[in-house]
Amino acid sequence: MNRGRLFSPLLAWLCTALLAPAAFAACAAHSGEQRAVLLELYTSEGCDSCPPADRRLSQFRDRAEYAGRLVPLAFHVDYWDRLGWTDRFASPRYTERQQTMAGLARSRLVYTPQFLRNGRDWRSGASPLDGVGDARPGARIALQLGATGAAGLAVGGEIVMARPGLDAWLAVYENNLESEVRAGENSGKTLRHDYVVRRLLGPLAAGADGRLTLRQEIVLEPGWKRADLGVAAFVQDKATGEVVQALQRHACPG
């Protein structure tokens with residue numbers, strides 16, 4: 001277990017929990033008896049075929065039928081930056097994740113826009129919930145979010161894994177983002193994004209009992225809007241990349 005990442009300063013955490021326990025408890029989410037769908041979009045502001053996929057991901061925000069069943073995330077990759085427009089949301093780590101996931105699926109195919117559904121390439125125009133059935137989850141997740149001052153987001157909870165060979169990940173994402181693109185394939189366009197991954201933490205390993213206690217303080221970067229932030233937790237198979245459970249929680253006001 002990476003204790004440096006997982007047990008960042010506990011003092012701020014304890015102050016939050018003691019001073020505002022009711023608010024903290026209210027800003028919580030728990031996974032259900034069915035496996036939720038993690039839908040990853042690999043995208044770039046430098047790719048002219050990506051905006052429709054970005055818009056498709058945004059459409060899931062206000063659809064009640066997806067609540068608690070679908071966890072969308074947008075990973076902006078950096079390999080389009082060389083064509084003239086630097087995507088401010090891109091990270092080489094997200095490019096690395098896309099490549100790693102392709103390798104775990106025994107595929108050499110990496111492209112944008114690419115959707116992964118529970119760790120596997122997905123190109124359907126249908127609902128991402130179609131065909132997933134009532135698969136039993138491979139983990140149980142509980143998330144709690146709270147504020148630590150003006151520049152911090154406290155993430156707590158617990159992940160219980162059903163078997164060995166699984167890792168957990170945390171993704172801090174932001175909605176309601178906009179860019180005026182001035183170069184590259186999308187030059188002159190205003191692009192809008194939701195579920196943009198701002199920080200990815202992991203892999204986080206459980207203890208011998210399969211339990212992982214979450215105690216994480218996220219320091220907000222300049223320009224992040226707390227009201228538009230959220231956290232997603234997901235558990236995936238180390239060997240295959242299959243996602244066995246996922247959960248997200250939007251930050252609460254305050």
# chains A, B, ... in the order shown; residues from 1 in each chain; ligands from 1
>>> closest_atom_pairs(of="region 94-163 of chain A", to="region 214-235 of chain A", cutoff="6 Å", atoms="only C-alpha atoms", output="Markdown table")
| residue | atom | partner | partner_atom | distance |
| --- | --- | --- | --- | --- |
| A:Ala151 | CA | A:Leu220 | CA | 5.3 |
| A:Gly152 | CA | A:Val219 | CA | 4.5 |
| A:Leu153 | CA | A:Ile218 | CA | 4.9 |
| A:Ala154 | CA | A:Glu217 | CA | 4.5 |
| A:Val155 | CA | A:Gln216 | CA | 5.1 |
| A:Gly156 | CA | A:Leu214 | CA | 4.6 |
| A:Gly157 | CA | A:Leu214 | CA | 5.0 |
| A:Glu158 | CA | A:Leu214 | CA | 5.6 |
>>> closest_atom_pairs(of="region 153-247 of chain A", to="region 37-53 of chain A", cutoff="7 Å", atoms="only C-alpha atoms", output="Markdown table")
| residue | atom | partner | partner_atom | distance |
| --- | --- | --- | --- | --- |
| A:Gly184 | CA | A:Gly46 | CA | 5.7 |
| A:Glu185 | CA | A:Asp48 | CA | 5.3 |
| A:Asn186 | CA | A:Asp48 | CA | 5.5 |
| A:Leu191 | CA | A:Pro51 | CA | 7.0 |
| A:Ala246 | CA | A:Leu38 | CA | 6.0 |
>>> atom_distance(atom1="CA of Ala36 (chain A)", atom2="CA of Arg108 (chain A)")
26.6 Å
>>> residues_around(residues="Gln59 (chain A)", least_positions_apart="6", cutoff="12 Å", atoms="only C-alpha atoms", output="list in words")
Pro52, Ala53, Glu65, Tyr66, Leu70, Pro72, Ser127, Asn175, Arg192, His193, Asp194 and Tyr195 of chain A
>>> atom_distance(atom1="CA of Asp130 (chain A)", atom2="CA of Val244 (chain A)")
16.6 Å
>>> select_by_dssp(residues="region 68-147 of chain A", states="strand (DSSP E)", output="ChimeraX atom specification")
/A:70-76,114-117,120-122,139-147
>>> select_by_dssp(residues="region 30-206 of chain A", states="helix (DSSP H, G or I)", output="JSON, numbers by chain")
{"A": [51, 52, 53, 54, 55, 56, 57, 58, 64, 65, 66, 81, 82, 83, 92, 93, 94, 95, 96, 97, 98, 99, 100, 101, 102, 103, 104, 149, 150, 151]}
>>> atom_distance(atom1="CA of Asp121 (chain A)", atom2="CA of Gly210 (chain A)")
28.3 Å
>>> closest_residue(among="A:Ala171, A:Leu200, A:Ala239, A:Leu129", to="Glu96 (chain A)", atoms="only C-alpha atoms")
A:Leu200
>>> residues_around(residues="Thr190 (chain A)", least_positions_apart="4", cutoff="9 Å", atoms="only C-alpha atoms", output="ChimeraX atom specification")
/A:178-181,186
>>> write_last_selection(atoms="C-alpha atoms", output="PDB file, in the first residue's frame")
ATOM      1  CA  GLU A 178     -14.555  25.247 -21.606  1.00  0.00           C
ATOM      2  CA  SER A 179     -11.680  26.043 -23.960  1.00  0.00           C
ATOM      3  CA  GLU A 180     -11.387  28.391 -26.910  1.00  0.00           C
ATOM      4  CA  VAL A 181      -9.077  26.487 -29.227  1.00  0.00           C
ATOM      5  CA  ASN A 186     -10.146  22.333 -33.784  1.00  0.00           C
TER       6      ASN A 186
END
>>> closest_residue(among="A:Pro253, A:Gly131, A:Gly84, A:Gly119", to="Gln99 (chain A)", atoms="only C-alpha atoms")
A:Gly119
